[in-house]
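Quick look at target28.txt (compact mmCIF, C-alpha atoms):
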```txt
# COMPACT_ATOMS: atom_id res chain seq x y z
CA MET A 1110 0.00 0.00 0.00
CA VAL A 1111 2.82 2.37 0.86
CA THR A 1112 4.45 1.40 -2.45
CA ALA A 1113 1.27 2.44 -4.27
CA LEU A 1114 1.35 5.69 -2.33
CA LYS A 1115 4.92 6.31 -3.39
CA ALA A 1116 3.88 5.70 -7.01
CA GLY A 1117 1.30 8.49 -6.67
CA ASP A 1118 -1.78 6.28 -6.45
CA GLN A 1119 -4.48 8.46 -4.87
CA SER A 1120 -6.70 5.49 -4.09
CA ALA A 1121 -3.98 4.22 -1.74
CA VAL A 1122 -4.57 7.31 0.41
CA ALA A 1123 -8.24 6.40 0.74
CA GLN A 1124 -7.40 2.84 1.74
CA LEU A 1125 -4.80 3.91 4.30
CA TYR A 1126 -7.22 6.51 5.64
CA ASP A 1127 -9.92 3.85 6.07
CA ARG A 1128 -7.47 1.69 7.96
CA TYR A 1129 -5.75 4.22 10.20
CA SER A 1130 -7.87 7.38 10.44
CA SER A 1131 -9.61 6.23 13.63
CA VAL A 1132 -6.34 5.86 15.54
CA VAL A 1133 -4.89 9.13 14.21
CA TYR A 1134 -8.08 11.01 15.07
CA ALA A 1135 -8.33 9.39 18.50
CA VAL A 1136 -4.77 10.41 19.40
CA ALA A 1137 -5.29 13.96 18.16
CA LEU A 1138 -8.58 14.24 20.04
CA ARG A 1139 -7.02 12.82 23.22
CA VAL A 1140 -4.32 15.50 23.11
CA LEU A 1141 -6.42 18.43 21.93
CA GLY A 1142 -9.87 17.71 23.34
CA ASP A 1143 -11.39 19.57 20.40
CA THR A 1144 -12.98 17.81 17.44
CA GLY A 1145 -12.30 20.59 14.93
CA ALA A 1146 -8.62 20.82 15.82
CA ALA A 1147 -8.33 17.02 15.85
CA GLU A 1148 -9.81 16.93 12.36
CA ASP A 1149 -7.21 19.43 11.18
CA VAL A 1150 -4.41 17.28 12.60
CA LEU A 1151 -5.95 14.20 10.96
CA GLN A 1152 -5.94 16.01 7.63
CA GLU A 1153 -2.38 17.20 8.05
CA VAL A 1154 -0.99 13.81 9.04
CA PHE A 1155 -2.42 12.06 5.97
CA LEU A 1156 -1.49 14.92 3.65
CA GLN A 1157 2.09 14.72 4.94
CA LEU A 1158 2.09 10.98 4.26
CA TRP A 1159 0.84 11.66 0.72
CA ARG A 1160 3.42 14.36 0.11
CA ASN A 1161 6.33 12.43 1.55
CA PRO A 1162 5.62 8.69 1.87
CA ALA A 1163 9.38 8.01 1.95
CA ALA A 1164 9.48 9.53 5.44
CA PHE A 1165 8.00 6.26 6.71
CA ASP A 1166 10.55 3.46 6.78
CA ALA A 1167 8.73 0.12 6.80
CA ALA A 1168 11.89 -1.68 7.89
CA ARG A 1169 11.85 0.16 11.22
CA GLY A 1170 8.28 0.03 12.43
CA THR A 1171 4.66 -0.39 11.48
CA LEU A 1172 2.71 2.30 9.70
CA GLY A 1173 -0.05 2.39 12.32
CA SER A 1174 2.41 3.09 15.12
CA TRP A 1175 4.27 5.64 13.07
CA LEU A 1176 1.07 7.50 12.17
CA ALA A 1177 -0.05 7.45 15.81
CA VAL A 1178 3.25 8.95 16.90
CA ILE A 1179 3.19 11.57 14.15
CA ALA A 1180 -0.39 12.46 15.13
CA ARG A 1181 0.71 12.89 18.72
CA HIS A 1182 3.64 15.13 17.69
CA ARG A 1183 1.48 17.30 15.47
CA ALA A 1184 -1.31 17.56 18.02
CA ILE A 1185 1.11 18.70 20.72
CA ASP A 1186 2.62 21.22 18.30
CA PHE A 1187 -0.91 22.45 17.67
CA LEU A 1188 -1.67 22.53 21.40
CA ARG A 1189 1.40 24.61 22.10
CA LYS A 1190 0.78 26.75 19.03
CA ARG A 1191 4.23 26.14 17.71
CA LYS A 1192 5.64 25.21 14.36
CA PRO A 1193 6.31 21.49 13.81
CA GLU A 1194 9.47 20.72 15.73
CA THR A 1195 10.08 17.22 14.49
CA ASP A 1196 11.11 16.27 11.00
CA LEU A 1197 8.94 13.34 9.91
CA GLU A 1198 11.99 11.41 8.84
CA ASP A 1199 13.48 11.72 12.29
CA VAL A 1200 10.66 9.79 13.86
CA ILE A 1201 11.70 6.17 14.07
CA VAL A 1202 9.46 3.90 16.05
CA SER A 1203 10.29 0.32 16.91
CA VAL A 1204 7.15 -1.54 17.86
CA SER A 1205 7.21 -5.30 18.07
CA PRO A 1206 3.53 -6.23 17.70
CA ASP A 1207 2.26 -6.14 14.14
CA LEU A 1208 -0.73 -3.84 14.36
CA ALA A 1209 -1.69 -3.56 10.71
CA ARG A 1210 -5.09 -5.16 11.24
CA GLU A 1211 -7.87 -3.46 13.12
CA ALA A 1212 -8.46 -6.56 15.26
CA ASP A 1213 -4.76 -6.72 16.23
CA ARG A 1214 -4.79 -3.06 17.13
CA SER A 1215 -7.91 -3.45 19.23
CA ARG A 1216 -6.39 -6.35 21.15
CA ALA A 1217 -3.11 -4.49 21.66
CA ALA A 1218 -4.92 -1.32 22.72
CA GLU A 1219 -6.96 -3.28 25.23
CA LYS A 1220 -3.81 -4.83 26.63
CA VAL A 1221 -2.11 -1.42 26.91
CA ARG A 1222 -5.13 0.01 28.70
CA GLY A 1223 -4.98 -2.93 31.10
CA VAL A 1224 -1.28 -2.30 31.80
CA ILE A 1225 -1.85 1.43 32.29
CA GLY A 1226 -4.82 0.76 34.52
CA ALA A 1227 -2.67 -1.45 36.72
CA MET A 1228 0.03 1.21 37.16
CA PRO A 1229 0.18 3.18 40.41
CA PRO A 1230 -1.90 6.34 39.79
CA PRO A 1231 1.02 8.80 40.21
CA GLN A 1232 3.05 6.86 37.64
CA ARG A 1233 0.17 6.69 35.17
CA SER A 1234 -0.51 10.36 35.66
CA ALA A 1235 3.13 11.39 35.05
CA LEU A 1236 3.30 9.27 31.90
CA GLU A 1237 0.05 10.62 30.52
CA MET A 1238 0.94 14.23 31.30
CA ALA A 1239 4.17 13.83 29.36
CA TYR A 1240 2.70 11.87 26.50
CA PHE A 1241 -0.70 13.40 25.95
CA GLU A 1242 -0.31 16.88 27.37
CA GLY A 1243 3.19 17.50 26.06
CA LEU A 1244 4.44 18.64 29.47
CA SER A 1245 8.14 18.63 30.30
CA HIS A 1246 9.44 16.81 33.35
CA SER A 1247 9.88 20.11 35.20
CA GLU A 1248 6.33 21.18 34.36
CA ILE A 1249 5.04 17.85 35.66
CA ALA A 1250 7.12 18.25 38.81
CA GLY A 1251 5.70 21.76 39.24
CA LYS A 1252 2.14 20.52 38.81
CA THR A 1253 2.43 17.55 41.12
CA GLY A 1254 4.82 19.08 43.65
CA GLU A 1255 7.11 16.07 43.40
CA PRO A 1256 10.90 16.03 42.91
CA LEU A 1257 12.27 16.01 39.37
CA GLY A 1258 14.08 12.73 39.96
CA THR A 1259 10.85 11.03 40.98
CA ILE A 1260 9.09 12.21 37.83
CA LYS A 1261 11.97 10.98 35.66
CA THR A 1262 11.91 7.55 37.24
CA ARG A 1263 8.13 7.29 36.99
CA ILE A 1264 8.13 8.02 33.29
CA ARG A 1265 10.89 5.59 32.54
CA THR A 1266 9.41 2.86 34.70
CA GLY A 1267 6.04 3.38 33.05
CA LEU A 1268 7.50 2.94 29.58
CA MET A 1269 9.41 -0.16 30.71
CA THR A 1270 6.25 -1.67 32.15
CA LEU A 1271 4.56 -1.26 28.78
CA ARG A 1272 7.51 -2.84 27.00
CA LYS A 1273 7.59 -5.86 29.28
CA ALA A 1274 3.89 -6.46 28.75
CA PHE A 1275 4.55 -7.01 25.04
CA GLN A 1276 7.70 -9.04 25.46
CA THR A 1277 6.00 -11.95 27.17
CA MET B 39 19.43 -3.10 28.43
CA SER B 40 22.48 -1.94 26.55
CA THR B 41 21.96 1.78 27.08
CA HIS B 42 24.18 3.74 29.46
CA GLU B 43 22.55 3.50 32.86
CA GLN B 44 23.38 7.07 33.82
CA PHE B 45 21.39 8.31 30.81
CA ALA B 46 18.48 5.89 31.18
CA ASP B 47 16.00 8.22 32.89
CA ASP B 48 16.81 11.18 30.68
CA LEU B 49 16.61 9.01 27.58
CA ALA B 50 13.07 7.96 28.52
CA LEU B 51 12.12 11.60 29.00
CA TYR B 52 13.73 12.51 25.70
CA ALA B 53 11.74 9.76 23.95
CA VAL B 54 8.47 11.37 25.04
CA ASP B 55 9.79 14.91 24.42
CA ALA B 56 9.65 15.74 28.11
CA LEU B 57 13.32 16.63 28.44
CA THR B 58 14.11 20.32 28.04
CA GLY B 59 16.87 22.87 28.27
CA GLU B 60 20.44 21.89 29.01
CA ASP B 61 19.47 18.30 29.80
CA ARG B 62 18.01 17.95 26.32
CA ALA B 63 21.07 19.47 24.66
CA ALA B 64 23.37 17.17 26.66
CA MET B 65 21.30 14.15 25.65
CA GLU B 66 21.46 15.12 21.97
CA THR B 67 25.21 15.44 22.20
CA HIS B 68 25.44 12.00 23.81
CA LEU B 69 23.06 10.44 21.25
CA ALA B 70 25.15 11.74 18.37
CA GLY B 71 28.00 9.51 19.48
CA CYS B 72 26.24 6.55 21.08
CA SER B 73 24.57 4.00 18.83
CA ALA B 74 23.42 1.87 21.78
CA CYS B 75 21.41 4.76 23.18
CA ARG B 76 20.00 5.55 19.75
CA VAL B 77 18.70 1.99 19.50
CA GLU B 78 17.22 2.25 22.98
CA LEU B 79 15.61 5.57 22.00
CA GLU B 80 13.79 3.86 19.13
CA GLN B 81 12.58 1.21 21.56
CA LEU B 82 11.36 3.81 24.03
CA ARG B 83 9.52 5.67 21.31
CA GLY B 84 7.93 2.37 20.37
CA ASP B 85 6.87 1.89 23.98
CA GLY B 86 5.35 5.38 23.89
CA ALA B 87 3.60 4.54 20.62
CA LEU B 88 1.71 1.82 22.48
CA LEU B 89 0.20 4.61 24.58
CA ALA B 90 -0.89 6.41 21.42
CA LEU B 91 -2.34 3.23 19.96
CA SER B 92 -4.35 2.59 23.10
CA THR B 93 -6.42 5.76 22.78
CA LEU B 94 -10.14 5.37 22.36
CA GLY B 95 -12.44 7.88 20.80
CA PRO B 96 -15.19 8.47 18.28
CA LYS B 97 -14.59 7.91 14.58
CA PRO B 98 -13.67 11.03 12.64
CA PRO B 99 -16.60 12.75 10.96
CA GLN B 100 -17.51 11.47 7.51
CA ARG B 101 -16.68 14.79 5.85
CA ALA B 102 -13.03 14.49 6.92
CA ARG B 103 -12.43 11.66 4.45
CA GLN B 104 -13.75 13.63 1.49
CA ARG B 105 -11.85 16.73 2.63
CA LEU B 106 -8.62 14.74 2.59
CA LEU B 107 -9.29 13.15 -0.80
CA ASP B 108 -10.17 16.55 -2.29
CA ALA B 109 -6.90 17.96 -0.95
CA VAL B 110 -4.93 15.01 -2.32
CA ALA B 111 -6.59 15.40 -5.74
CA LYS B 112 -5.33 18.98 -5.82
CA GLU B 113 -1.78 17.78 -5.27
CA PRO B 114 -1.10 15.12 -7.90
CA ARG B 115 2.34 13.66 -7.56
CA VAL B 116 4.69 15.32 -10.07
CA PRO B 117 6.25 12.76 -12.42
CA ALA B 118 10.03 12.45 -12.27
CA SER B 119 10.50 13.85 -15.78
CA VAL B 120 9.69 17.51 -16.18
CA ALA B 121 11.20 17.80 -19.64
CA GLN B 122 7.90 17.76 -21.55
CA THR B 123 5.87 20.26 -19.57
CA GLU B 124 6.97 23.57 -21.02
CA THR B 125 4.56 25.08 -23.52
CA ARG B 126 4.99 28.83 -23.30
CA ARG B 127 6.58 30.75 -26.10
CA SER B 128 8.73 33.57 -24.86
CA TRP B 129 12.18 33.83 -23.32
CA TRP B 130 10.26 34.79 -20.23
CA GLY B 131 8.48 31.44 -20.27
CA VAL B 132 11.68 29.51 -20.90
CA LEU B 133 13.44 31.31 -18.11
CA GLY B 134 10.59 30.87 -15.66
CA TRP B 135 10.35 27.18 -16.42
CA ALA B 136 14.08 26.69 -16.30
CA ALA B 137 14.29 28.46 -12.98
CA THR B 138 11.71 26.02 -11.64
CA ALA B 139 13.67 23.08 -13.05
CA ALA B 140 16.89 24.43 -11.60
CA ALA B 141 15.16 24.87 -8.22
CA ILE B 142 14.00 21.23 -8.36
CA VAL B 143 17.52 20.07 -9.24
CA PHE B 144 18.93 22.20 -6.46
CA ALA B 145 16.33 21.02 -3.93
CA ALA B 146 17.09 17.38 -4.85
CA SER B 147 20.76 18.03 -4.21
CA LEU B 148 19.95 19.55 -0.83
CA TRP B 149 17.74 16.61 0.08
CA LYS B 150 20.53 14.16 -0.71
CA GLU B 151 22.89 16.17 1.39
CA ASN B 152 20.50 16.27 4.28
CA ALA B 153 20.05 12.49 4.25
CA ALA B 154 23.78 12.07 4.62
CA LEU B 155 24.03 14.79 7.25
CA LYS B 156 21.79 12.93 9.65
CA GLN B 157 24.73 10.69 10.47
CA THR B 158 25.86 13.13 13.12
CA LEU B 159 23.60 15.59 14.78
CA ALA B 160 26.26 18.10 15.56
CA SER B 161 27.58 18.46 12.03
CA ALA B 162 24.04 18.27 10.67
CA ASN B 163 23.07 21.43 12.48
CA ALA B 164 26.05 23.34 11.15
CA GLN B 165 25.61 22.07 7.61
CA ALA B 166 21.86 22.60 7.59
CA MET B 167 22.47 26.23 8.44
CA GLN B 168 24.98 26.38 5.62
CA SER B 169 22.46 24.82 3.21
CA ALA B 170 19.83 27.32 4.30
CA ARG B 171 22.25 30.16 3.64
CA GLU B 172 23.05 28.72 0.21
CA LEU B 173 19.37 28.36 -0.59
CA GLU B 174 18.76 31.92 0.48
CA ASP B 175 21.64 33.05 -1.73
CA ILE B 176 20.24 31.15 -4.70
CA ARG B 177 16.79 32.61 -4.08
CA ARG B 178 18.19 36.10 -3.96
CA ILE B 179 20.23 35.61 -7.11
CA ALA B 180 17.41 33.90 -8.98
CA ALA B 181 14.80 36.47 -7.96
CA PRO B 182 14.98 38.42 -11.26
CA ILE B 183 14.27 35.15 -13.08
CA ILE B 184 11.68 33.71 -10.73
CA GLU B 185 9.62 36.72 -9.66
CA PRO B 186 6.61 37.30 -11.94
CA GLU B 187 6.97 41.09 -11.78
CA ALA B 188 10.54 41.00 -13.09
CA GLN B 189 10.93 42.75 -16.45
CA VAL B 190 12.73 40.74 -19.11
CA VAL B 191 13.92 42.42 -22.29
CA THR B 192 16.04 40.87 -25.04
CA VAL B 193 18.08 43.50 -26.85
CA VAL B 194 19.15 42.90 -30.47
CA ALA B 195 20.61 44.99 -33.25
CA LEU B 196 18.05 46.95 -35.25
CA LYS B 197 16.58 44.98 -38.17
CA ALA B 198 18.65 41.97 -37.15
CA GLN B 199 17.28 38.48 -37.53
CA PRO B 200 17.11 36.53 -34.27
CA GLN B 201 20.36 34.66 -33.83
CA PRO B 202 20.76 31.19 -32.35
CA GLY B 203 21.92 31.38 -28.77
CA GLY B 204 22.21 29.36 -25.62
CA LYS B 205 22.89 29.69 -21.92
CA ALA B 206 24.50 27.02 -19.76
CA PHE B 207 24.01 27.23 -15.98
CA TYR B 208 26.51 24.86 -14.43
CA LEU B 209 26.98 24.19 -10.70
CA ARG B 210 30.17 22.17 -10.63
CA SER B 211 30.04 21.36 -6.90
CA ARG B 212 26.72 19.58 -7.39
CA GLY B 213 27.22 18.34 -10.95
CA SER B 214 24.02 20.19 -11.94
CA LEU B 215 23.64 21.65 -15.41
CA VAL B 216 20.73 23.47 -17.05
CA PHE B 217 21.11 24.54 -20.67
CA LEU B 218 18.63 26.69 -22.60
CA ALA B 219 18.84 27.35 -26.32
CA THR B 220 16.79 29.70 -28.52
CA ASN B 221 16.36 30.35 -32.21
CA MET B 222 18.06 27.08 -33.10
CA PRO B 223 17.81 26.14 -36.80
CA PRO B 224 15.72 23.05 -37.51
CA LEU B 225 17.60 19.79 -38.04
CA PRO B 226 17.24 16.91 -40.49
CA PRO B 227 15.34 13.86 -39.17
CA ASN B 228 17.45 11.56 -36.97
CA LYS B 229 19.77 14.42 -36.04
CA ALA B 230 20.01 16.36 -32.77
CA TYR B 231 22.15 19.01 -31.18
CA GLU B 232 24.62 17.63 -28.66
CA LEU B 233 25.99 19.76 -25.84
CA TRP B 234 29.61 19.29 -24.80
CA LEU B 235 31.35 20.26 -21.62
CA ILE B 236 34.85 21.30 -22.66
CA PRO B 237 37.14 20.74 -19.68
CA LYS B 238 40.32 22.70 -19.04
CA GLN B 239 42.23 19.55 -19.85
CA GLY B 240 41.26 16.41 -21.72
CA ALA B 241 38.56 15.41 -24.16
CA ALA B 242 35.10 16.96 -24.52
CA ILE B 243 32.47 15.41 -22.22
CA ALA B 244 29.03 14.63 -23.65
CA ALA B 245 26.48 16.74 -21.75
CA GLY B 246 23.14 15.75 -23.30
CA VAL B 247 21.31 16.02 -26.61
CA PHE B 248 18.28 18.10 -27.54
CA LYS B 249 16.08 18.75 -30.54
CA PRO B 250 14.71 22.25 -30.99
CA ASP B 251 10.94 22.65 -30.91
CA ALA B 252 8.91 24.50 -33.54
CA ASN B 253 10.01 27.81 -32.02
CA GLY B 254 13.68 26.91 -32.12
CA ARG B 255 13.95 26.32 -28.40
CA GLY B 256 15.74 23.42 -26.75
CA THR B 257 16.77 22.46 -23.23
CA VAL B 258 19.06 20.05 -21.44
CA ILE B 259 18.40 19.47 -17.75
CA ASN B 260 20.92 17.82 -15.46
CA PRO B 261 22.62 15.35 -17.83
CA PRO B 262 24.85 12.66 -16.30
CA LEU B 263 28.30 14.17 -15.81
CA PRO B 264 31.46 12.91 -14.14
CA PRO B 265 31.74 14.34 -10.61
CA GLY B 266 33.64 17.58 -10.27
CA ALA B 267 34.17 18.12 -14.00
CA GLU B 268 35.61 21.62 -14.41
CA ALA B 269 34.22 23.41 -17.45
CA LYS B 270 36.34 25.73 -19.53
CA THR B 271 33.42 26.26 -21.82
CA PHE B 272 30.48 24.55 -23.51
CA ALA B 273 30.00 23.76 -27.19
CA ILE B 274 27.37 22.33 -29.49
CA THR B 275 27.68 20.00 -32.47
CA VAL B 276 25.12 18.23 -34.64
CA GLU B 277 25.07 14.49 -34.02
CA ASN B 278 22.81 11.49 -34.51
CA GLU B 279 19.76 11.88 -32.28
CA ALA B 280 20.92 9.15 -29.89
CA GLY B 281 24.00 11.25 -29.15
CA SER B 282 27.65 10.45 -29.66
CA PRO B 283 30.36 9.76 -27.07
CA VAL B 284 32.75 12.06 -28.97
CA PRO B 285 32.04 15.00 -31.28
CA THR B 286 31.91 13.87 -34.91
CA SER B 287 31.01 17.13 -36.64
CA PRO B 288 32.22 20.73 -36.56
CA VAL B 289 31.25 22.92 -33.59
CA VAL B 290 28.23 25.07 -34.47
CA MET B 291 28.13 27.07 -31.24
CA ILE B 292 30.63 27.67 -28.48
CA GLY B 293 30.79 29.74 -25.31
CA ALA B 294 33.62 31.12 -23.31
CA GLY B 295 32.26 31.13 -19.80
CA GLU B 296 30.94 34.19 -18.01
```

Would you kindly transcribe this structure into structure tokens?
Amino acid sequence: MVTALKAGDQSAVAQLYDRYSSVVYAVALRVLGDTGAAEDVLQEVFLQLWRNPAAFDAARGTLGSWLAVIARHRAIDFLRKRKPETDLEDVIVSVSPDLAREADRSRAAEKVRGVIGAMPPPQRSALEMAYFEGLSHSEIAGKTGEPLGTIKTRIRTGLMTLRKAFQT
Amino acid sequence: MSTHEQFADDLALYAVDALTGEDRAAMETHLAGCSACRVELEQLRGDGALLALSTLGPKPPQRARQRLLDAVAKEPRVPASVAQTETRRSWWGVLGWAATAAAIVFAASLWKENAALKQTLASANAQAMQSARELEDIRRIAAPIIEPEAQVVTVVALKAQPQPGGKAFYLRSRGSLVFLATNMPPLPPNKAYELWLIPKQGAAIAAGVFKPDANGRGTVINPPLPPGAEAKTFAITVENEAGSPVPTSPVVMIGAGE
């Protein structure tokens, strides 16, 4: 499908949109909390893919994960009203589960939600503030009143917990 | 984990863009020289991607799909060859089109450079700034050609017939060449004009063939050239339309460099 996109096949955009728009939109909406802005991010992410499909390297990750990460980057840029800070080609994402199919994604998402739900609330909160609100570690420390070192460890431990859940 | 333990926490923060200020700069410096941490960074970003993939929400509105497809339809992918697209008739048109072609050639060169530059972050920053300065220079220099409001006047002797002429724009450092010819006499079937790069030393180097159109115009865009070839001048001969590795007929036009 990405090959067709690279060849300039416009129908490939429609097919990729049908497959991945829900996850891109969900991420953008989670970050922005505004349907209009999330729709703009959705549009931009797929237009960027159309304009520069070579930015996605299939050898280094799955398209669904890559689009989700790009959506998150763009949504946070939008949230902070700043110009895009990340070059698309710089975003390399190594994700082990193959999440090309909707059913696989649903199962993986359910598993992730289970892992997050089982985290201690302060750890979950620090991770989500960094990931979905685009807050820096010092901003999170300021908000929660906890030491910087604690925030750092919580975020790292949270990511490691997610990794382990998919390694078993 | 193969990453450096002392960087582990900061690397996780960096992966979710939560590291700022001096800590971020220090991490980028470390990453530029540490492949193990770069691999771990990819992993951590993948772990973060699981968070993104876990989000739930409503489907996007139906109109969003059509909006995207309409936008895509307005941006058809440009085919690799741009040699057949020029249809305007004046020098102005030729120059405008050639400037676009030269910009594409130049942008492609920059892109290649950038891909290589990503090997080291530190040198990439310096060289990207250099590329930006070069691009700005090119834009400034090319402004009289590119800007629509620029006035273009060809001056000839009174009552003179238009004479054949050509301009070669050669960027040796990038091996990029754009050649524009005007008022070229028509050729017999199976014949074409061949452009030659005449080096300071050694034999002439074939630099592309072209056939003039009905208005006597012809172009050569970025022919394959040996890297770093230094041009003393350019010349044109008439050859078979497939081109010849060496000139086989007298020179019909020659330049002296400008």

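Counting only C-alpha atoms, the residue from A:Val1224, A:Leu1268, A:Ala1212, A:Ile1185 that sits nearest to A:Leu1236 is A:Leu1268.
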
Residue nearest chain B - candidates A:Val1154, A:Ala1218, A:Ala1113, A:Ala1146, atoms counted: all atoms listed in the file: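 Among the listed residues, the smallest separation from chain B belongs to A:Ala1218.
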
Counting only C-alpha atoms, which residues have an atom no more than 6 Å from (-1.3, 2.5, -0.4) in the file's coordinates? Please list them as a PyMOL selection string. chain A and resi 1110-1111+1113-1114+1121-1122

Quick check, in Å to one decimal: how far apart do atom CA of A:Gln1232 and atom CA of A:Ile1264 lie?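 Between atom CA of A:Gln1232 and atom CA of A:Ile1264 the gap works out to 6.8 Å.
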
Spatial neighbours of B:Asp108, max dist 12 Å, all atoms listed in the file, sep filter under 4 positions, as a ChimeraX atom specification: /A:1119-1120,1122-1123,1152,1156 /B:101-104,112-114

Put those residues in a file: C-alpha atoms, as a short mmCIF file (atom, residue, chain, number, x, y, z; two decimals), keeping the file's coordinate frame.
```
data_model
loop_
_atom_site.label_atom_id
_atom_site.label_comp_id
_atom_site.auth_asym_id
_atom_site.auth_seq_id
_atom_site.Cartn_x
_atom_site.Cartn_y
_atom_site.Cartn_z
CA GLN A 1119 -4.48 8.46 -4.87
CA SER A 1120 -6.70 5.49 -4.09
CA VAL A 1122 -4.57 7.31 0.41
CA ALA A 1123 -8.24 6.40 0.74
CA GLN A 1152 -5.94 16.01 7.63
CA LEU A 1156 -1.49 14.92 3.65
CA ARG B 101 -16.68 14.79 5.85
CA ALA B 102 -13.03 14.49 6.92
CA ARG B 103 -12.43 11.66 4.45
CA GLN B 104 -13.75 13.63 1.49
CA LYS B 112 -5.33 18.98 -5.82
CA GLU B 113 -1.78 17.78 -5.27
CA PRO B 114 -1.10 15.12 -7.90
#
```

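For the set A:Gly1142, A:Gly1226, A:Pro1231, A:Gly1117, the residue with the smallest atom-to-atom gap to chain B is A:Gly1117, counting only C-alpha atoms.
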
Surrounding residues of stretch 239-242 of chain B excluding itself and chain neighbours under 5 positions, 10 Å, all atoms listed in the file, as a list in words: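 Near neighbours after the sequence-gap exclusion: Leu233, Trp234, Glu268, Ala269, Lys270, Thr271, Phe272, Ala273, Pro283, Val284 and Pro285 of chain B.
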
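Taking only C-alpha atoms into account, those protein, DNA and RNA residues with any atom at most 10 Å away from (22.1, 33.6, -36.0) amount to Ala198, Gln199, Pro200, Gln201, Pro202, Gly203, Thr220, Asn221, Met222 and Pro223 of chain B.
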
Would you mind exporting C-alpha atoms of the selected residues as a PDB file, in the coordinates of the input?
```pdb
ATOM      1  CA  ALA B 198      18.650  41.970 -37.150  1.00  0.00           C
ATOM      2  CA  GLN B 199      17.280  38.480 -37.530  1.00  0.00           C
ATOM      3  CA  PRO B 200      17.110  36.530 -34.270  1.00  0.00           C
ATOM      4  CA  GLN B 201      20.360  34.660 -33.830  1.00  0.00           C
ATOM      5  CA  PRO B 202      20.760  31.190 -32.350  1.00  0.00           C
ATOM      6  CA  GLY B 203      21.920  31.380 -28.770  1.00  0.00           C
ATOM      7  CA  THR B 220      16.790  29.700 -28.520  1.00  0.00           C
ATOM      8  CA  ASN B 221      16.360  30.350 -32.210  1.00  0.00           C
ATOM      9  CA  MET B 222      18.060  27.080 -33.100  1.00  0.00           C
ATOM     10  CA  PRO B 223      17.810  26.140 -36.800  1.00  0.00           C
TER      11      PRO B 223
END
```

Near chain A, which residues of chain B fall within 9 Å when you count all atoms listed in the file, and what do they look like as a PyMOL selection string? chain B and resi 46-51+54-58+77+79-99+102-103+105-107+109-111+113-117+156

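Take atom CA of B:Ser211 and atom CA of B:Thr257: the distance between them is 21.1 Å.
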
Contacts of B:Pro261 at 9 Å or less, counting only C-alpha atoms, minus same-chain residues fewer than 3 places along, as a VMD selection string? chain B and resid 213 to 216 244 to 247 258

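Each of A:Ala1167, A:Ala1274, A:Val1150, A:Leu1257 was checked against A:Arg1183 using all atoms listed in the file; the smallest atom-to-atom distance is that of A:Val1150.
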
Atom CA of B:Arg62 to atom CA of B:Gln44, distance in Å rounded to a single decimal: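 These atoms are spaced 14.3 Å apart.
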
Edge lengths and centre in Å to one decimal, as AutoDock Vina command-line options, of the axis-aligned box that encloses all listed atoms of stretch 1255-1270 of chain A with 8 Å added on every side?
```
--center_x 10.1 --center_y 7.2 --center_z 36.5 --size_x 24.0 --size_y 33.7 --size_z 29.8
```

N, CA and C atoms for stretch 269-279 of chain B, written as a PDB file, keeping the file's coordinate frame, could you do that?
```pdb
ATOM      1  N   ALA B 269      34.528  23.005 -16.084  1.00  0.00           N
ATOM      2  CA  ALA B 269      34.220  23.410 -17.450  1.00  0.00           C
ATOM      3  C   ALA B 269      35.010  24.651 -17.837  1.00  0.00           C
ATOM      4  N   LYS B 270      35.731  24.534 -18.945  1.00  0.00           N
ATOM      5  CA  LYS B 270      36.340  25.730 -19.530  1.00  0.00           C
ATOM      6  C   LYS B 270      35.292  26.457 -20.341  1.00  0.00           C
ATOM      7  N   THR B 271      34.523  25.684 -21.067  1.00  0.00           N
ATOM      8  CA  THR B 271      33.420  26.260 -21.820  1.00  0.00           C
ATOM      9  C   THR B 271      32.464  25.141 -22.228  1.00  0.00           C
ATOM     10  N   PHE B 272      31.431  25.524 -22.979  1.00  0.00           N
ATOM     11  CA  PHE B 272      30.480  24.550 -23.510  1.00  0.00           C
ATOM     12  C   PHE B 272      30.398  24.750 -25.024  1.00  0.00           C
ATOM     13  N   ALA B 273      30.095  23.681 -25.737  1.00  0.00           N
ATOM     14  CA  ALA B 273      30.000  23.760 -27.190  1.00  0.00           C
ATOM     15  C   ALA B 273      28.863  22.878 -27.676  1.00  0.00           C
ATOM     16  N   ILE B 274      28.456  23.111 -28.913  1.00  0.00           N
ATOM     17  CA  ILE B 274      27.370  22.330 -29.490  1.00  0.00           C
ATOM     18  C   ILE B 274      27.783  21.831 -30.874  1.00  0.00           C
ATOM     19  N   THR B 275      27.496  20.559 -31.133  1.00  0.00           N
ATOM     20  CA  THR B 275      27.680  20.000 -32.470  1.00  0.00           C
ATOM     21  C   THR B 275      26.362  19.345 -32.888  1.00  0.00           C
ATOM     22  N   VAL B 276      26.279  18.988 -34.158  1.00  0.00           N
ATOM     23  CA  VAL B 276      25.120  18.230 -34.640  1.00  0.00           C
ATOM     24  C   VAL B 276      25.537  16.773 -34.718  1.00  0.00           C
ATOM     25  N   GLU B 277      24.751  15.917 -34.066  1.00  0.00           N
ATOM     26  CA  GLU B 277      25.070  14.490 -34.020  1.00  0.00           C
ATOM     27  C   GLU B 277      23.815  13.674 -34.327  1.00  0.00           C
ATOM     28  N   ASN B 278      23.993  12.337 -34.423  1.00  0.00           N
ATOM     29  CA  ASN B 278      22.810  11.490 -34.510  1.00  0.00           C
ATOM     30  C   ASN B 278      21.969  11.693 -33.254  1.00  0.00           C
ATOM     31  N   GLU B 279      20.640  11.478 -33.385  1.00  0.00           N
ATOM     32  CA  GLU B 279      19.760  11.880 -32.280  1.00  0.00           C
ATOM     33  C   GLU B 279      20.004  11.087 -31.003  1.00  0.00           C
TER      34      GLU B 279
END
```
